[in-house]
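One structure below.
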Amino acid sequence: MQGGLLVILTDKLFYGINYLSGNEFISQLIMVIVQIMAIFAVISLAAIIQVYMERRICGFIQDRLGPNRVGPWGLLQTVADMIKLMGKEDIIPVKAQRILWGITPMLLFIPAALIYAVFPFDDGAVFVDLNVGIFFVMAVMSQSVLMFLLGGFASENKYSFMGAMRAVAQMLSSEIPMAFAVLAVVMVSGSLKMTDIVAAQSNMWFIAVEPLAFIIFTISILMEINRTPFDLVEGESEIIAGPFTEYSGMRWALFFLAEYANLLSAAILTVTLFLGGWHGPVLPGILWFLIKVFLVIFLFMWIRWTYPRTRIDQMMALSWKVLLPLALFNIAATGIGIYIYNWM
Amino acid sequence: MNIYILYPEITVLLLTLLIVIMDLLLPVQETRRSLAYIAVMVLGCLFISLFYQYHFGISPYFYNKLFYFDNYAIFFKQLFLLAVIFTIMLSLDYADDLRYSGEYYAMLLFSLLGMMVLASANDFVTMFIGLELMTISFYILAAFKNNDENSSEAGIKYLIMGSVATAVTLYGISLIYGAGHSLDFNVLAAETRFFVPLMLTGIVLLIIGMFFKLSIMPFHMWSPDVYEGAPTPITGLLAMGSKAAAIAVFIRILFVAFLHTANYFLPVLAVFAAICMIGGNIAAIKQKNIKRMLAYSSIAQVGYILVGFCAASPQGIKSVLFYVFLYIVANIGAFAVLTVVDKQNKGTDDKAIAGLSKSAPLLAMVMTISLLSMAGIPPTVGFVGKLYLFLAVVEQGYIWLAFIGFIMSMISVYYYLRVVKVMYIGKANNDYINVSAAIKITVIISMLTTLLLGIWPQYLSVLTNFAAISFAL
Amino acid sequence: MTEFMKMLLLLVVAGVFPIMAMIMPLLIEPRQPNEEKNSQYECGVDTIGRNVPRYRISYFLYAIIFVVFDVETVFLFPWAVKFNVMGLFGLIEMFIFAGILAIGLAYAWKKGALVWK
Amino acid sequence: MHVGLTQVLILSALLFCIGLYGILVKRNLFAILMCIEIMLNAVNINFAAFNYFLPMPDLSGQVMMIFSITVAAAEVAVGLAIIFKIYHDFKTVNIDKINNMKG
Amino acid sequence: MTDSLLSMILLAPIVAVVLLLFIPPTAKKSIKLIAAMATGISLLMTIYVYINYDNNLGGMQFMQSIPWISDLGVAYTVGVDGISLPMLFLTNIIGFAAVFSSWNINERPKEFFILLLILLTGVMGTFIAGDLFIFLLCYELVVIPIYIMVIIWGSTKRVSKEYAGMKLTIYLLIGSAFMLVGIVALYLQAFPAGMRTFSIAALSQAHLLGTLSQSFQIIVFLLLLIGFGTLLSMFPFHTWSPDGYAGAPTAVSMIHAGVLKKIGGYGLIRLGLLVLPAGAKFWAPIIIVLALGNVIYAAYVAIVQKDLKYVIGYSSVSHMGYVLLGFAALNTISLTGAIANMVAHGIMSALFFAMIGYVYEKTHKRSIDKLRGLAHQMPRIAVGFMLAGMSSVGLPGLIGFMPEYTIFLGLFKVYPFLAIIAVSGIVFTAIYILRVLQKILFGPRNYGFDAIPDAKGPEMVPLFVLGSVLILFGIFPQLLLGMINGTIAPLQSFLQALNNEPSLLVVWGGIW
């Protein structure tokens, strides 16, 4: 089978394991576990890199240095932070509803990790190529709002609760434009499978076909993952830290991790849907993919440190009164466009 | 794919959208009567045009026989149109008081759309959509009165019971689907493996769900509260439209999809019919609120209609159609009167209608005739309808059912006449009730139809015969 | 190894991973709880009764609109996938459907459901 | 463990019963609404399972499921709206207290 | 012309109803005039029909038939024979009288006369219908107007008028429910599908075809007996009758006692006997026993009544016993007597109620104890009372004598012992009638009533009309009996054939 670098690597690994174990099922199982481990490694590693990136870029944009003490160019700063978080005391607030409060950070991690299953990292390098891929992604992605709500509710804290409600509001407004933007892509590609969508972009990226959808999608995915300028959920200056107010130590770190996992998946999603996925000249697919993903992450960070936080009513108005009509219009335009294209 | 047979539904849908849009364009303070007039006009034209759609020979169908446009469907569509047209007419004054009168008309039309789909549905998907479109619209309409606790209560009770009924129905359908491997009535009719436990459970659940929707006696507990609390015109539409629509599809389910099992469920239906007739009538006796009384009476009426089911013959179905028609006409009259009374006297209990014969003789007369028609006293059409029903069922050997039916319909006269008594000898609240032209037209049409058809039912009889032979019984 | 099983495995691992992450710090974290530390994070004054603020009705208006629109997408996705095949019929269908959606949106907009009061 | 039609049907039946039980036991309107949702979702599972496990001539089960989801959503939307109205009128969402009409 | 004569008789009140709908309620005089004219026209046409009916020919005459509801086999058929024509005549004459006896109604007269005319239409339609469907239509049409008239214009004495009205209505309707079941079964059984018809003439031939088995006839006849028997105030089902009459306004009492009850007897003969002969034969012994209950028990109760209307109410129950006796003897003579007795009792009880109505209207008293010596102040009313009373006792020369005599004659042939018991009922009748007449009409003058005027003007019309008929038929009974006999006599062989059918007694005997 045709495949990119990653696929060749995995195949080699599989042959090796198969040779050692001699049982196809067991070796498959081991392969799956290895793949899962890889996914988690990617998530964890990406989080560390992103935090570092974020600080450096922030520093750059704000015309200062950023972390530069721990390790060369401050590279180990994030690792140090991790260790610090591990060593922190786990404070359980007395009034909180303990069980709900306790499981929230763990639950939050599940949807964040689950969507990685369907991302095509390289030609053929996809954990599970679901036939409803993009639909699955959207369905699972919106689950995280439940955890926000749960955490905020179980904390028995005003700020948490307000943050949770904001999270819900934000999800309410981001989901629809995002779905409609994705819809346009699906219309063009004719499939919900992520690999098919990427394959459809081998000649032309969808950003060229669907520029409007790209813009709508980008804005609404920013809302979806609570990035500034839509970080109302944890607007520090307003509601402390939103749903995470009562969390500390490792629990808080899990929130943090999930958030950066989401940021990465948002970037991957953007790349997959609009920027041609792993397609690119000369270089192997995986490299192109990484380059694009980090460029998109850079774009997100750039946006973050450029724009101020919106008010909730502004955000709702933007999504319902601007993005949604635009998305509807975009679908109509795409429909006509495809019809004309087919007719010609 | 002959899409033209969808034209009644498409017309209604476009009309609804038009009304929604117009409602948006009108300034907030302005009255929404113009919307009602447009709706009545369009629906009226549609009603007349449907007369030209009756046909001999093969019935046109849409998309894989999921959607029939046979005479039966046309007849029911006309019935629903009639019910909704008159509901709109009698709620003209009423809707002016509502905060969202534009939506009120739109929801009425949505429910109409649901009913019309139901009448044609020949598979469970279509049926489900129609049923829910209608029911959900009714949830909203039942709770429509602003700042009215009873209305809210009616809405939530209807919602909960209706949703449970939906869930039960759906569960039944899903089991039937599993056993019969299809949702299409025609395919299910060809299915012979009816005595799989899965199928039987499904059928039982489905029938229970439908009984909920029809408020057959042991499953009726929601209906009196909902009838009492809902806005009066909506109570009327609930009593006529929603029941008629559920009956329309119930007949199709029983006599198209599950015809093979008819011998097994007909005795059960007969028992339920008897329970309805006895229980409904007896419970109605002690009601003080007339809307509530009509709720129980409508339970009894559904009992009579079920009697027609038991006949399981073209005559039976014909008598059901006939009865449904006359029931709708009678209800139009009764609820038009109640709407006026409710608006004038703020209530629908005995006190509110007392002395109506002095303050509004026309209304008192119409009310009397409508109630008598429901009781089945000549020369109203109710008598002919009951005669048809019981003739059909006695022919199949259910003489005990006819016996109960006749006795109970005579007992029902007791509580209907109680209303008449209050209207004629009670002390009036006000000297003169102003009756708007729309209501006058409505009640006069209802009364004349009731009387004329009672004396000379030939045309309606022919029409219902024509509609009933759509079934291969 | 079906897709389903793979997904399930991922789900399980995703559930286990945070638990592992929670167990690890147990070894090194300090444990000195006290009343002040464990109290709710408020502005210094204890709240009487339950600490849940009232929230706006607007949330629910949005929620209702959201539910409706979100479910519409369920219909739109299958349609979008098969759009290329359906041709003119699909296009007209789309216009009807999107038109009704647009009317719904316009309705909510005009009625003030989209105003954050 | 083998997951076949029977297991899925048992699951859906359990869900259905849980929902029904909830409706009978719960007094909070929101909880009741949720229980109704559970019941409807049980049905959806049934449809999907039948369509998946049995040799069906078409996809009508899945179509039905999609419609059922939609209808459930509409029902919830309407239900929520009515519950607001209830709260506005009665200042409570306890169904036992919503009992103006009797008889 | 002669074809549609009966329809025109039926239509006259309906036209008047439509006219009345458009007349303002305040125009009281015109309302009454229109009602009087409508009933008058009907009456005149009826008299024309009565005179032109060919006794020698017998059977249905003045027939008219129009297809009505094709799929039920209903045709609008009207026609009269020797059984129904006297009834029609009775209806019209009492209707005419009733309008005038209600001349003083000033409370909501428009509605009153509309309902009265509808009532009359219903009764007339019942008698002339040649089709069972039309019969039913008209039969049940009468109940509701009566109810409304009782609750609005009735009087509350011993029982409230609402109670009386409701009791009357429910009794009659429940009775009719039994009857309806019977008729539905009859309709379905008589002819095979496709040939079904509601035509009474056709149904009367059905037993000859053998489609109506004996047991079927027995069951259906029982249902009809309960239905019509209730209307006829047969013994256990009679309690509505005195209460209803007491609560009802004069006109309703007149029509109800005079005409409406007779529908029961008429229906028993027309449907019970002619369509289901075996059933009639089977139940005849039971009917006789119940009829004796009527005659003796009701008369006995009438003796102790204080209220005038109750006396006459029970008296009418008692008289209906004679009709039942005549019916159950099942021979031509007794049947003729039964029909004639219905006419006779109709006329006299209507006259009675009209007179009571006047007395009550003028003195506001109905109690026998409180009234006395009325003959001093109101001789005309006293004449009416006397005519009716003497006729009721069965004085020869008045209408009451011949029919009763004929009934006993017929009954004696079949059940001599029972006939003797029945005759003793006459003694009771004489006791309570004479007691009433003596107490209220005669005796010392009651000066309290001096200021009260006698009946005059339009009020005299009922007295005159009913009284003259009373005397006319009394002196020339052949006018009535001849016509009835013309129809009944041909049934001789039909009734003869019944002797072979088993009756309840025979069956019982078999069991013993």
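Within each chain, counting starts at residue 1; across the structure tokens, chains are named A, B, ... in the order shown, with ligands numbered 1 upward in that order.
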Taking only residues of chain C that have an atom at most 12 Å from an atom of chain B, what is each one's shortest atom pair and its distance in Å to one decimal, using only C-alpha atoms, in chain and number order, as a tab-separated table?
```
residue	atom	partner	partner_atom	distance
C:Phe89	CA	B:Met1	CA	11.6
C:Ile96	CA	B:Leu14	CA	10.5
C:Gly99	CA	B:Leu17	CA	9.9
C:Ile100	CA	B:Leu17	CA	7.9
C:Leu101	CA	B:Leu17	CA	10.9
C:Ala102	CA	B:Ile21	CA	10.9
C:Ile103	CA	B:Ile21	CA	7.4
C:Gly104	CA	B:Val20	CA	9.0
C:Leu105	CA	B:Ile21	CA	11.3
C:Ala106	CA	B:Leu24	CA	8.4
C:Tyr107	CA	B:Leu24	CA	6.7
C:Ala108	CA	B:Leu24	CA	9.7
C:Trp109	CA	B:Leu24	CA	9.7
C:Lys110	CA	B:Leu24	CA	6.6
C:Lys111	CA	B:Leu24	CA	7.7
C:Gly112	CA	B:Leu24	CA	11.0
```
Quick one: contact table of range 320-352 of chain B to range 216-239 of chain B, 8 Å max, nearest atom pair and distance in Å to one decimal per residue, counting only C-alpha atoms, chain and number order, as a Markdown table?
```
| residue | atom | partner | partner_atom | distance |
| --- | --- | --- | --- | --- |
| B:Asn331 | CA | B:Gly236 | CA | 6.4 |
| B:Ile332 | CA | B:Gly236 | CA | 6.9 |
| B:Phe335 | CA | B:Gly236 | CA | 5.5 |
| B:Ala336 | CA | B:Pro233 | CA | 7.3 |
| B:Leu338 | CA | B:Thr232 | CA | 6.9 |
| B:Thr339 | CA | B:Thr232 | CA | 5.5 |
| B:Asp342 | CA | B:Thr232 | CA | 7.4 |
```
Kindly provide, as a PDB file with N, CA and C atoms, in the first residue's frame, the residues of chain D having any atom no farther than 7 Å from an atom of chain C, counting only C-alpha atoms.
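Here's the written file result.pdb:
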```
ATOM      1  N   THR D  70     -34.064  14.235  15.797  1.00  0.00           N
ATOM      2  CA  THR D  70     -34.550  15.589  15.540  1.00  0.00           C
ATOM      3  C   THR D  70     -35.781  15.890  16.372  1.00  0.00           C
ATOM      4  N   ALA D  73     -35.048  16.427  19.863  1.00  0.00           N
ATOM      5  CA  ALA D  73     -34.491  17.758  20.099  1.00  0.00           C
ATOM      6  C   ALA D  73     -35.583  18.803  20.121  1.00  0.00           C
ATOM      7  N   ALA D  74     -36.484  18.709  19.150  1.00  0.00           N
ATOM      8  CA  ALA D  74     -37.573  19.685  19.110  1.00  0.00           C
ATOM      9  C   ALA D  74     -38.403  19.591  20.376  1.00  0.00           C
ATOM     10  N   ALA D  77     -36.598  21.247  23.127  1.00  0.00           N
ATOM     11  CA  ALA D  77     -36.636  22.704  23.000  1.00  0.00           C
ATOM     12  C   ALA D  77     -37.975  23.232  23.485  1.00  0.00           C
TER      13      ALA D  77
END
```
**Q.** Neighbours of chain B in chain E at 9 Å, counting only C-alpha atoms, as a ChimeraX atom specification
**A.** /E:68-72,134,136-144,147-148,151-152,162,166,169-170,173-178,180-181,184-185,187-189
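Residue nearest chain C, chosen from A:Ser160, A:Thr310, A:Ser265, A:Ser21 and counting only C-alpha atoms: A:Ser160.
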Pull the alpha helix (DSSP H) assignments for range 211-348 of chain B out of DSSP run on the backbone, and list those residues as an mmCIF file with C-alpha atoms, in the first residue's frame.
```cif
data_model
loop_
_atom_site.group_PDB
_atom_site.id
_atom_site.type_symbol
_atom_site.label_atom_id
_atom_site.label_comp_id
_atom_site.auth_asym_id
_atom_site.auth_seq_id
_atom_site.Cartn_x
_atom_site.Cartn_y
_atom_site.Cartn_z
ATOM 1 C CA PHE B 211 -54.126 4.877 22.946
ATOM 2 C CA PHE B 212 -52.237 7.527 24.856
ATOM 3 C CA LYS B 213 -52.481 9.881 21.922
ATOM 4 C CA LEU B 214 -56.139 9.113 21.477
ATOM 5 C CA TRP B 222 -53.755 13.831 30.774
ATOM 6 C CA SER B 223 -56.630 14.856 28.628
ATOM 7 C CA PRO B 224 -59.050 16.497 31.089
ATOM 8 C CA ASP B 225 -56.359 18.724 32.544
ATOM 9 C CA VAL B 226 -55.012 19.626 29.160
ATOM 10 C CA TYR B 227 -58.444 20.360 27.806
ATOM 11 C CA GLU B 228 -59.287 22.530 30.739
ATOM 12 C CA GLY B 229 -56.080 24.479 30.805
ATOM 13 C CA THR B 232 -60.350 27.341 24.394
ATOM 14 C CA PRO B 233 -59.933 27.310 20.599
ATOM 15 C CA ILE B 234 -56.976 25.007 21.043
ATOM 16 C CA THR B 235 -58.995 22.712 23.216
ATOM 17 C CA GLY B 236 -61.388 22.553 20.333
ATOM 18 C CA LEU B 237 -58.682 21.717 17.854
ATOM 19 C CA LYS B 243 -57.961 12.931 17.587
ATOM 20 C CA ALA B 244 -59.087 12.718 13.999
ATOM 21 C CA ALA B 245 -55.504 12.642 12.813
ATOM 22 C CA ALA B 246 -54.544 9.936 15.245
ATOM 23 C CA ILE B 247 -57.569 7.973 14.151
ATOM 24 C CA ALA B 248 -56.660 8.463 10.515
ATOM 25 C CA VAL B 249 -53.282 6.893 10.971
ATOM 26 C CA PHE B 250 -54.483 4.321 13.435
ATOM 27 C CA ILE B 251 -56.847 2.950 10.831
ATOM 28 C CA ARG B 252 -54.010 2.676 8.380
ATOM 29 C CA ALA B 262 -57.175 -8.173 13.034
ATOM 30 C CA ASN B 263 -58.934 -11.136 14.540
ATOM 31 C CA TYR B 264 -56.771 -10.870 17.603
ATOM 32 C CA PHE B 265 -56.831 -7.196 18.328
ATOM 33 C CA LEU B 266 -60.428 -6.461 17.422
ATOM 34 C CA PRO B 267 -61.913 -8.008 20.569
ATOM 35 C CA VAL B 268 -59.391 -6.030 22.583
ATOM 36 C CA LEU B 269 -60.413 -2.867 20.813
ATOM 37 C CA ALA B 270 -64.017 -3.705 21.499
ATOM 38 C CA VAL B 271 -63.305 -3.952 25.200
ATOM 39 C CA PHE B 272 -61.483 -0.637 25.161
ATOM 40 C CA ALA B 273 -64.312 0.930 23.218
ATOM 41 C CA ALA B 274 -66.737 -0.247 25.872
ATOM 42 C CA ILE B 275 -64.510 1.063 28.665
ATOM 43 C CA CYS B 276 -64.283 4.418 26.924
ATOM 44 C CA MET B 277 -67.974 4.707 26.342
ATOM 45 C CA ILE B 278 -68.881 3.771 29.879
ATOM 46 C CA GLY B 279 -66.059 5.492 31.710
ATOM 47 C CA GLY B 280 -66.026 8.645 29.612
ATOM 48 C CA ASN B 281 -69.716 9.207 29.932
ATOM 49 C CA ILE B 282 -69.890 8.455 33.612
ATOM 50 C CA ALA B 283 -66.894 10.620 34.441
ATOM 51 C CA ALA B 284 -68.338 13.451 32.385
ATOM 52 C CA ILE B 285 -71.470 13.519 34.494
ATOM 53 C CA ILE B 290 -67.583 22.493 30.452
ATOM 54 C CA LYS B 291 -64.223 22.129 28.799
ATOM 55 C CA ARG B 292 -63.459 19.343 31.210
ATOM 56 C CA MET B 293 -66.802 17.808 30.576
ATOM 57 C CA LEU B 294 -66.128 17.920 26.858
ATOM 58 C CA ALA B 295 -62.793 16.258 27.502
ATOM 59 C CA TYR B 296 -64.480 13.301 29.107
ATOM 60 C CA SER B 297 -67.154 13.355 26.507
ATOM 61 C CA SER B 298 -64.492 13.237 23.827
ATOM 62 C CA ILE B 299 -63.110 10.144 25.488
ATOM 63 C CA ALA B 300 -66.531 8.647 25.117
ATOM 64 C CA GLN B 301 -66.696 9.816 21.506
ATOM 65 C CA VAL B 302 -63.449 8.067 20.755
ATOM 66 C CA GLY B 303 -65.056 5.031 22.305
ATOM 67 C CA TYR B 304 -67.837 5.251 19.743
ATOM 68 C CA ILE B 305 -65.299 5.665 16.997
ATOM 69 C CA LEU B 306 -63.445 2.585 18.193
ATOM 70 C CA VAL B 307 -66.711 0.744 17.832
ATOM 71 C CA GLY B 308 -66.445 1.443 14.145
ATOM 72 C CA PHE B 309 -62.928 -0.002 14.175
ATOM 73 C CA CYS B 310 -64.260 -3.204 15.625
ATOM 74 C CA ALA B 311 -66.422 -3.732 12.600
ATOM 75 C CA PRO B 314 -65.589 -0.958 4.717
ATOM 76 C CA GLN B 315 -68.854 -0.070 6.411
ATOM 77 C CA GLY B 316 -67.016 0.217 9.693
ATOM 78 C CA ILE B 317 -64.390 2.536 8.299
ATOM 79 C CA LYS B 318 -66.994 4.498 6.456
ATOM 80 C CA SER B 319 -68.927 4.924 9.674
ATOM 81 C CA VAL B 320 -65.766 6.024 11.435
ATOM 82 C CA LEU B 321 -65.138 8.651 8.787
ATOM 83 C CA PHE B 322 -68.714 9.764 8.980
ATOM 84 C CA TYR B 323 -68.576 9.983 12.716
ATOM 85 C CA VAL B 324 -65.301 11.836 12.766
ATOM 86 C CA PHE B 325 -66.747 14.385 10.405
ATOM 87 C CA LEU B 326 -69.839 14.991 12.435
ATOM 88 C CA TYR B 327 -67.808 15.065 15.605
ATOM 89 C CA ILE B 328 -65.620 17.777 14.177
ATOM 90 C CA VAL B 329 -68.596 19.790 13.040
ATOM 91 C CA ALA B 330 -70.258 19.497 16.423
ATOM 92 C CA ASN B 331 -67.082 20.469 18.189
ATOM 93 C CA ILE B 332 -66.644 23.516 16.023
ATOM 94 C CA GLY B 333 -70.020 24.770 17.188
ATOM 95 C CA ALA B 334 -69.499 23.935 20.830
ATOM 96 C CA PHE B 335 -66.038 25.422 21.048
ATOM 97 C CA ALA B 336 -66.960 28.530 19.133
ATOM 98 C CA VAL B 337 -69.562 29.181 21.779
ATOM 99 C CA LEU B 338 -67.159 28.361 24.569
ATOM 100 C CA THR B 339 -64.561 30.676 23.102
ATOM 101 C CA VAL B 340 -66.956 33.598 23.177
ATOM 102 C CA VAL B 341 -68.094 32.722 26.660
ATOM 103 C CA ASP B 342 -64.549 32.302 27.870
ATOM 104 C CA LYS B 343 -63.576 35.683 26.531
ATOM 105 C CA GLN B 344 -66.635 37.457 27.892
ATOM 106 C CA ASN B 345 -67.053 35.789 31.245
#
```
